[in-house]
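Have a look at the structure below, then the notes.
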Amino acid sequence: MNRAFEKTGVPASMKALTIGLNSEIFALPAESVREILDMVPVTEVPNARAFVGGVLNVRGKVVPLADLRVMFGMERTPPDTNTRIVVIEVDLEGEPALVGILADKVHDVTEIEGASVEDAPAVGMRWRAEFIRGIGKRGTDFIIIPDMARIFGPKEDRELSSTPDERKL
Amino acid sequence: MKASDPADTFRQEARELLDTLEETLLDLGQRPDDKALVDGSFRALHTLKGSGAMFGFDEMAEFVHEFETAFDRVRKDNAPISPALVAIALAAKDHIHKLIVEPALHADGTVRLLGELRETANNAECGETGNADAVAVAVSERPRGGCRVRFWLPSDAIAFGTNPLLLLDELRELGASSVLALTDRLPPLEAMNPQASYLGWEVAFENEVSADKIEDVFLFIRDGMDLLIEPTDQGDAFSTTEPAEDQDSETPLPAKPDAQEPARRATDTAPQADKANSSVRVAAERLDELMDRVGELVIVQSRLSQIAGASADLNLKAVVEELGRLSSGLRDTTMGIRMVPIGTVFSRFRRLVHDLSNALGKEVDFVTTGGETELDKTMIERLADPLVHIIRNSIDHGLESPEKRASNGKPARGQVRLAAIHTGAEVAITITDDGAGLDAARIRAKAEEAGLLSPDQKISAHDLCQLIFHPGFSTAAEVTSVSGRGVGMDVVKRAVEGLRGTIDLTTTPGQGTVVTLRLPLTLAIIESMLVRVGGGRYAIPLSAVEECVELPSAAELGGSGKNFLNIRDRIVPFLRLRELFKVDAPPELHQKVVIVSAGESRVGFVVDQIIGNSQTVIKSMSKLHFDVETFSGATILGDGTVALILDIGSLVAFGQGFERQWRGEGLGKGEGFGRGEGLGRVA
């Protein structure tokens, strides 16, 4: 049943912050979340990959802003009053680093039961399976659990997967 | 921040002690007769042994004990310190370091080194007869009678856990003696601090006891205490630590006024000890953290002053002004904390020179000046390797062999000088050797071979020397063996430029070579020029900016083709940052060109607006932006937004690629070089 979790070695359940990207719900591991900011001015980094096209100031630190919608090939709607930046700590080449994640909307913190999580189906999905650790259910909603380690993982992985995206955009 | 591991604390302490030991040993190599140096190395060894055993580094403690014993024989017999002994002692010091890092792995070395150490020490002892005489004389000069020791502990000694009774017991073990308490420094009862130590003790030995042994008893509390050793027959005191003390003892004062006490303390303690006591060891990342916090504070403060500027409240304005003063002061102080004297890294080179001169059979005097010059800590750390490289080159390839030097009428001992000095907002570091200098003909030949110069090309002698920093030169193995240097100098140059510094080399054939590094004081802050391109603001390091001119309107219209400006009859190519950065917004009517120097060439950047100069706190870019080479970092502006700092070198390279592309297209359309020049003339 919960093969996805077994495979990736995830505990039976996870506490997650759920955010909205387009019309989908994504889950970020709650323990990695540092803070949630209102939209602030973002400085564009010319010639950077669209996935990390900007930087912002988080309490005196210059933090890259990552747009998961690019990774999942979603439409990028302009920021509105619901847009937030979720600052999370991720592992970048062995060192912990802060990264801002653009969220169209921040929902809540929720517990995702391991039993409700399934592998991302290989077909019939609009997004790339390799960046998805699993799909959980809450009521009638699906919650996509992105594989942050893969998304922010080693360079080769990233480049391979992000190039087609950029071409599309 | 995790709680500190006591073993880590010891390792850190041990590293410092080992550094001191190495320094002292190297000094000993130069001044073998300096008794104070022998004692100094002893003290370092003794402390190492004591704290090592305390933290469970038993192998190390045992080795140090043996080392100490072997060394002690030399000390006792006043044998001179031979270069061989210094070399062995240095090897032993390295061994101690290994034992601390990986105790289990280095047991073999222990036995071998100790053997060598004992042997060398023995040789020194019986090898020279003249020496034995000296010992005999020294002994006979010592008074035969007993001696008297008087001591007062530092007033906080008991609070720090020193037990005077144990000290007295230790003294008693040195020989038959009687102990008398000295109460003359007792304050009146109402002024007495129950935790302070006021009593002094007088220990009279019936027989002669060496002053060293007595001082050893007080090894760990020696700083700050008053110790007085004199023979009982009231002759000349044969060992006192401070001359001032003698006078005190000869005219004993009844109960000194308390007020004099602190002043006495200050003079009693050696200046070195004073320094050590007043400094605090702080982890480097804490300083970085502090720097970040201060940076934040400065940003918030400038936001506040913007608000205050728009307000009519005079009280608010006054407070904001005060806050501004305080926060900029705080920033300066924080910057200051990160500054470290460059001497900390100089000492590392002494060892290098010592080892190199042994290995190469060249005698080298290594002279350093300006060790007190302060530089940013990270800068110093990153400077160490390039300097090692340069010094190694100076000794290996610069200095001639002693025979060759002699035949050229030079002293057999070569000299390498390392000097640091502040010049304006820069620090200049020079490495000077009095060797043979670079062989210009050889460099020229090599440069032509590598295709860096055409055979008929004229080049000044100075420019020719700079060619050794060219990457094409680095693989030239035979150049190094025949004449000059050249191995990896391009790496050195790159490292120095990475620190936003410059490197320059001048040479006089037959007289030597001078390598000069010029470095900014700090990596954390630069003066920069803030410009606007489209909606984005960017910082250009001011040190690279040469001048700013208005973009001629003709050039403004012709947005394609190769672009040149004529700046005082020199052709300067320019890049449109709007194109580089793919800005869509319409350009400003009057665009400006910022002329920067990149290496030897000058390049203009076309920007929409020049905003002004500012002090910029540099933040590094995230690893997620590893592929964007046009920016060397980022900074936070007064309004809290981020501005990117242009990396001049790679931006020019980027622009050149971009330009080549353009040129390809431009040529196709019949717009080539000629048109660009035409535009330049309009300027």
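Numbering starts fresh at 1 for the residues of each chain in the structure tokens, the chains themselves are lettered A, B, ... in the order given, and ligands are numbered from 1 as they appear.
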
6 Å contact set for Leu530 of chain B, only C-alpha atoms, chain neighbours under 4 positions out, as a VMD selection string: chain B and resid 538 to 539 611 to 613

Atoms to include: all heavy atoms. Write the selected residues as a PDB file, in the first residue's frame.
ATOM      1  N   TYR B 538      21.952  47.181  -9.908  1.00  0.00           N
ATOM      2  CA  TYR B 538      23.142  46.355  -9.833  1.00  0.00           C
ATOM      3  C   TYR B 538      24.290  47.159  -9.248  1.00  0.00           C
ATOM      4  O   TYR B 538      24.359  48.376  -9.415  1.00  0.00           O
ATOM      5  CB  TYR B 538      23.536  45.850 -11.228  1.00  0.00           C
ATOM      6  CG  TYR B 538      22.422  45.071 -11.879  1.00  0.00           C
ATOM      7  CD1 TYR B 538      21.495  45.697 -12.695  1.00  0.00           C
ATOM      8  CD2 TYR B 538      22.283  43.710 -11.636  1.00  0.00           C
ATOM      9  CE1 TYR B 538      20.451  44.997 -13.268  1.00  0.00           C
ATOM     10  CE2 TYR B 538      21.245  42.992 -12.202  1.00  0.00           C
ATOM     11  CZ  TYR B 538      20.332  43.638 -13.013  1.00  0.00           C
ATOM     12  OH  TYR B 538      19.298  42.931 -13.551  1.00  0.00           O
ATOM     13  N   ALA B 539      25.186  46.482  -8.554  1.00  0.00           N
ATOM     14  CA  ALA B 539      26.343  47.158  -7.963  1.00  0.00           C
ATOM     15  C   ALA B 539      27.586  46.783  -8.765  1.00  0.00           C
ATOM     16  O   ALA B 539      27.806  45.615  -9.081  1.00  0.00           O
ATOM     17  CB  ALA B 539      26.503  46.742  -6.508  1.00  0.00           C
ATOM     18  N   ILE B 611      23.015  55.478 -10.179  1.00  0.00           N
ATOM     19  CA  ILE B 611      22.307  55.909  -8.974  1.00  0.00           C
ATOM     20  C   ILE B 611      23.266  56.569  -7.986  1.00  0.00           C
ATOM     21  O   ILE B 611      22.965  57.596  -7.401  1.00  0.00           O
ATOM     22  CB  ILE B 611      21.580  54.710  -8.314  1.00  0.00           C
ATOM     23  CG1 ILE B 611      20.553  54.138  -9.295  1.00  0.00           C
ATOM     24  CG2 ILE B 611      20.909  55.140  -7.026  1.00  0.00           C
ATOM     25  CD1 ILE B 611      19.925  52.841  -8.855  1.00  0.00           C
ATOM     26  N   GLY B 612      24.444  55.990  -7.803  1.00  0.00           N
ATOM     27  CA  GLY B 612      25.392  56.614  -6.881  1.00  0.00           C
ATOM     28  C   GLY B 612      26.299  55.578  -6.253  1.00  0.00           C
ATOM     29  O   GLY B 612      26.216  54.388  -6.563  1.00  0.00           O
ATOM     30  N   ASN B 613      27.169  56.061  -5.363  1.00  0.00           N
ATOM     31  CA  ASN B 613      28.103  55.146  -4.702  1.00  0.00           C
ATOM     32  C   ASN B 613      27.526  54.678  -3.384  1.00  0.00           C
ATOM     33  O   ASN B 613      26.770  55.403  -2.751  1.00  0.00           O
ATOM     34  CB  ASN B 613      29.424  55.854  -4.425  1.00  0.00           C
ATOM     35  CG  ASN B 613      30.159  56.174  -5.701  1.00  0.00           C
ATOM     36  OD1 ASN B 613      29.683  55.840  -6.786  1.00  0.00           O
ATOM     37  ND2 ASN B 613      31.300  56.809  -5.567  1.00  0.00           N
TER      38      ASN B 613
END

What are the DSSP alpha helix (DSSP H) residues of segment 48-162 of chain A, as a VMD selection string? chain A and resid 68 to 71 148 to 151 155 to 162

Write out as an MDAnalysis selection string every residue belonging to chain B that has an atom at most 6 Å from any atom of chain A, counting only C-alpha atoms. chainID B and resid 296 581 628 642

Just N, CA, C and O atoms for this one: save the residues we selected as a PDB file, in the first residue's frame.
ATOM      1  N   GLU B 296      21.654  43.524   9.098  1.00  0.00           N
ATOM      2  CA  GLU B 296      20.212  43.669   9.194  1.00  0.00           C
ATOM      3  C   GLU B 296      19.840  44.968   9.884  1.00  0.00           C
ATOM      4  O   GLU B 296      18.980  45.709   9.436  1.00  0.00           O
ATOM      5  N   PHE B 581      21.122  41.208 -20.143  1.00  0.00           N
ATOM      6  CA  PHE B 581      20.183  40.777 -19.110  1.00  0.00           C
ATOM      7  C   PHE B 581      18.774  40.577 -19.667  1.00  0.00           C
ATOM      8  O   PHE B 581      17.837  40.355 -18.913  1.00  0.00           O
ATOM      9  N   VAL B 628      25.061  30.973 -12.931  1.00  0.00           N
ATOM     10  CA  VAL B 628      25.044  32.386 -13.327  1.00  0.00           C
ATOM     11  C   VAL B 628      26.378  32.999 -12.936  1.00  0.00           C
ATOM     12  O   VAL B 628      26.617  33.304 -11.774  1.00  0.00           O
ATOM     13  N   VAL B 642      17.260  43.392  -2.685  1.00  0.00           N
ATOM     14  CA  VAL B 642      18.562  42.823  -2.989  1.00  0.00           C
ATOM     15  C   VAL B 642      19.056  43.392  -4.320  1.00  0.00           C
ATOM     16  O   VAL B 642      18.277  43.532  -5.260  1.00  0.00           O
TER      17      VAL B 642
END

I want to know what sits within 8 Å of Val617 of chain B, based on only C-alpha atoms, with residues of the same chain fewer than 4 positions away left out; could you give that as a list in words?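 Here the answer would be Gly295, Ala524, Ile525, Ile526, Thr635 and Ile636 of chain B.
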
Using only C-alpha atoms, find the one residue out of A:Asp141, A:Asp119, A:Asp147, A:Glu111 that sits nearest to Leu68 of chain A. A:Asp147

Report the distance between atom CA of Pro83 of chain B and atom CA of Arg348 of chain B in Å, rounded to one decimal place.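 Separation of atom CA of Pro83 of chain B and atom CA of Arg348 of chain B: 18.8 Å.
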
Tell me which of B:Val209, B:Met335, B:Val298, B:Leu219 sits closest to Ala44 of chain B, counting only C-alpha atoms.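 Ranked by minimum distance to Ala44 of chain B, first place goes to B:Leu219.
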
Take atom CA of Asp39 of chain B and atom CA of Leu25 of chain B and report the distance between them in Å, one decimal. 10.8 Å

Which polymer residues have any atom within 12 Å of an atom of Thr81 of chain A, counting only C-alpha atoms, with same-chain residues fewer than 5 positions away left out, as a PyMOL selection string? chain A and resi 37-40+103-106

Just the number, please: distance in Å from atom CA of Gln30 of chain B to atom CA of Arg350 of chain B, one decimal.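 Atom CA of Arg350 of chain B lies at a distance of 11.5 Å from atom CA of Gln30 of chain B.
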
Surrounding residues of Asp376 of chain B excluding itself and chain neighbours under 6 positions, 12 Å, only C-alpha atoms, as a PyMOL selection string: chain B and resi 284+287-288+334-342+382-383+426-427+499+519-525

Taking 5 positions as the minimum chain separation for residues in the same chain, which residues sit within 7 Å of Val87 of chain A when counting only C-alpha atoms? Answer as a short mmCIF file (atom, residue, chain, number, x, y, z; two decimals) with N, CA, C and O atoms, in the first residue's frame.
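Okay, result-v4.cif is ready:
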data_model
loop_
_atom_site.label_atom_id
_atom_site.label_comp_id
_atom_site.auth_asym_id
_atom_site.auth_seq_id
_atom_site.Cartn_x
_atom_site.Cartn_y
_atom_site.Cartn_z
N VAL A 33 10.28 23.96 7.40
CA VAL A 33 9.78 25.33 7.18
C VAL A 33 10.32 26.27 8.25
O VAL A 33 10.25 25.98 9.43
N ARG A 34 10.91 27.39 7.83
CA ARG A 34 11.46 28.36 8.78
C ARG A 34 10.50 29.51 9.02
O ARG A 34 10.30 29.92 10.13
N GLU A 35 9.94 30.04 7.97
CA GLU A 35 8.95 31.09 8.15
C GLU A 35 8.14 31.28 6.88
O GLU A 35 8.50 30.78 5.82
N ILE A 36 7.03 31.99 7.04
CA ILE A 36 6.18 32.27 5.88
C ILE A 36 6.08 33.79 5.74
O ILE A 36 5.74 34.48 6.70
N LEU A 98 18.98 28.14 3.11
CA LEU A 98 17.61 28.63 3.08
C LEU A 98 17.18 28.85 1.63
O LEU A 98 17.96 29.34 0.81
N VAL A 99 15.95 28.47 1.33
CA VAL A 99 15.40 28.70 0.01
C VAL A 99 13.96 29.17 0.20
O VAL A 99 13.24 28.64 1.04
N GLY A 100 13.57 30.18 -0.56
CA GLY A 100 12.18 30.62 -0.52
C GLY A 100 11.39 29.85 -1.57
O GLY A 100 11.85 29.65 -2.68
N ILE A 101 10.21 29.36 -1.19
CA ILE A 101 9.35 28.65 -2.15
C ILE A 101 8.14 29.54 -2.40
O ILE A 101 7.46 29.94 -1.46
#

Looking at B:Ile81, B:Val496, B:Ala419, B:Ile503, which one is nearest to Pro32 of chain B, with distances taken over only C-alpha atoms?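 Closest candidate: B:Ile81.
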
With only C-alpha atoms as the basis for distance, which of B:Gly370, B:Arg112, B:Arg442, B:Ala436 is at the shortest distance from Pro402 of chain B?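 Smallest separation from Pro402 of chain B among the options: B:Ala436.
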
From a backbone DSSP assignment, name each residue in segment 263-462 of chain B labelled strand (DSSP E), as a PyMOL selection string. chain B and resi 339-341+364-369+374-376+414-423+426-433

Put those residues in a file: N, CA and C atoms, as an mmCIF file, in the first residue's frame.
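The result, stored in result-v8.cif:
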data_model
loop_
_atom_site.group_PDB
_atom_site.id
_atom_site.type_symbol
_atom_site.label_atom_id
_atom_site.label_comp_id
_atom_site.auth_asym_id
_atom_site.auth_seq_id
_atom_site.Cartn_x
_atom_site.Cartn_y
_atom_site.Cartn_z
ATOM 1 N N MET B 339 39.101 41.656 11.927
ATOM 2 C CA MET B 339 40.452 41.916 11.443
ATOM 3 C C MET B 339 41.478 41.181 12.313
ATOM 4 N N VAL B 340 42.399 40.535 11.662
ATOM 5 C CA VAL B 340 43.398 39.737 12.364
ATOM 6 C C VAL B 340 44.777 40.176 11.870
ATOM 7 N N PRO B 341 45.751 40.274 12.769
ATOM 8 C CA PRO B 341 47.088 40.613 12.272
ATOM 9 C C PRO B 341 47.622 39.526 11.344
ATOM 10 N N VAL B 364 68.942 30.171 4.207
ATOM 11 C CA VAL B 364 68.020 31.270 3.952
ATOM 12 C C VAL B 364 67.735 32.043 5.231
ATOM 13 N N ASP B 365 67.885 33.347 5.148
ATOM 14 C CA ASP B 365 67.391 34.206 6.214
ATOM 15 C C ASP B 365 65.995 34.639 5.830
ATOM 16 N N PHE B 366 65.062 34.385 6.718
ATOM 17 C CA PHE B 366 63.688 34.764 6.421
ATOM 18 C C PHE B 366 63.320 35.921 7.336
ATOM 19 N N VAL B 367 63.058 37.072 6.758
ATOM 20 C CA VAL B 367 62.786 38.267 7.544
ATOM 21 C C VAL B 367 61.352 38.702 7.280
ATOM 22 N N THR B 368 60.593 38.895 8.344
ATOM 23 C CA THR B 368 59.232 39.392 8.149
ATOM 24 C C THR B 368 59.087 40.741 8.838
ATOM 25 N N THR B 369 58.386 41.629 8.194
ATOM 26 C CA THR B 369 58.053 42.908 8.824
ATOM 27 C C THR B 369 56.574 43.177 8.616
ATOM 28 N N GLU B 374 46.712 44.526 9.891
ATOM 29 C CA GLU B 374 45.476 43.759 10.057
ATOM 30 C C GLU B 374 44.715 43.603 8.748
ATOM 31 N N LEU B 375 44.188 42.408 8.578
ATOM 32 C CA LEU B 375 43.390 42.088 7.396
ATOM 33 C C LEU B 375 42.195 41.259 7.843
ATOM 34 N N ASP B 376 41.191 41.227 6.996
ATOM 35 C CA ASP B 376 40.028 40.411 7.296
ATOM 36 C C ASP B 376 40.437 38.944 7.438
ATOM 37 N N GLY B 414 71.140 33.281 1.506
ATOM 38 C CA GLY B 414 70.181 34.059 0.751
ATOM 39 C C GLY B 414 69.196 34.724 1.698
ATOM 40 N N GLN B 415 68.479 35.697 1.190
ATOM 41 C CA GLN B 415 67.501 36.352 2.048
ATOM 42 C C GLN B 415 66.151 36.416 1.348
ATOM 43 N N VAL B 416 65.109 36.086 2.092
ATOM 44 C CA VAL B 416 63.750 36.259 1.590
ATOM 45 C C VAL B 416 63.034 37.142 2.588
ATOM 46 N N ARG B 417 62.514 38.230 2.100
ATOM 47 C CA ARG B 417 61.828 39.155 3.000
ATOM 48 C C ARG B 417 60.344 39.154 2.691
ATOM 49 N N LEU B 418 59.553 39.118 3.743
ATOM 50 C CA LEU B 418 58.103 39.157 3.597
ATOM 51 C C LEU B 418 57.632 40.363 4.382
ATOM 52 N N ALA B 419 56.998 41.309 3.706
ATOM 53 C CA ALA B 419 56.596 42.534 4.387
ATOM 54 C C ALA B 419 55.151 42.853 4.073
ATOM 55 N N ALA B 420 54.446 43.388 5.057
ATOM 56 C CA ALA B 420 53.071 43.820 4.845
ATOM 57 C C ALA B 420 52.953 45.254 5.323
ATOM 58 N N ILE B 421 52.228 46.067 4.579
ATOM 59 C CA ILE B 421 52.068 47.462 4.981
ATOM 60 C C ILE B 421 50.727 47.980 4.471
ATOM 61 N N HIS B 422 50.118 48.853 5.263
ATOM 62 C CA HIS B 422 48.878 49.498 4.846
ATOM 63 C C HIS B 422 49.180 50.599 3.857
ATOM 64 N N THR B 423 48.498 50.621 2.726
ATOM 65 C CA THR B 423 48.578 51.784 1.858
ATOM 66 C C THR B 423 47.155 52.157 1.496
ATOM 67 N N GLU B 426 44.187 49.757 1.113
ATOM 68 C CA GLU B 426 44.721 48.476 0.676
ATOM 69 C C GLU B 426 45.835 48.023 1.605
ATOM 70 N N VAL B 427 46.151 46.752 1.490
ATOM 71 C CA VAL B 427 47.340 46.242 2.145
ATOM 72 C C VAL B 427 48.265 45.740 1.048
ATOM 73 N N ALA B 428 49.512 46.181 1.122
ATOM 74 C CA ALA B 428 50.482 45.699 0.140
ATOM 75 C C ALA B 428 51.375 44.675 0.822
ATOM 76 N N ILE B 429 51.495 43.510 0.222
ATOM 77 C CA ILE B 429 52.364 42.465 0.749
ATOM 78 C C ILE B 429 53.464 42.237 -0.277
ATOM 79 N N THR B 430 54.709 42.365 0.144
ATOM 80 C CA THR B 430 55.799 42.158 -0.799
ATOM 81 C C THR B 430 56.651 40.977 -0.368
ATOM 82 N N ILE B 431 57.051 40.190 -1.327
ATOM 83 C CA ILE B 431 57.958 39.079 -1.085
ATOM 84 C C ILE B 431 59.208 39.378 -1.914
ATOM 85 N N THR B 432 60.301 39.619 -1.228
ATOM 86 C CA THR B 432 61.518 40.033 -1.905
ATOM 87 C C THR B 432 62.588 38.974 -1.711
ATOM 88 N N ASP B 433 63.258 38.581 -2.782
ATOM 89 C CA ASP B 433 64.413 37.701 -2.590
ATOM 90 C C ASP B 433 65.626 38.360 -3.224
#
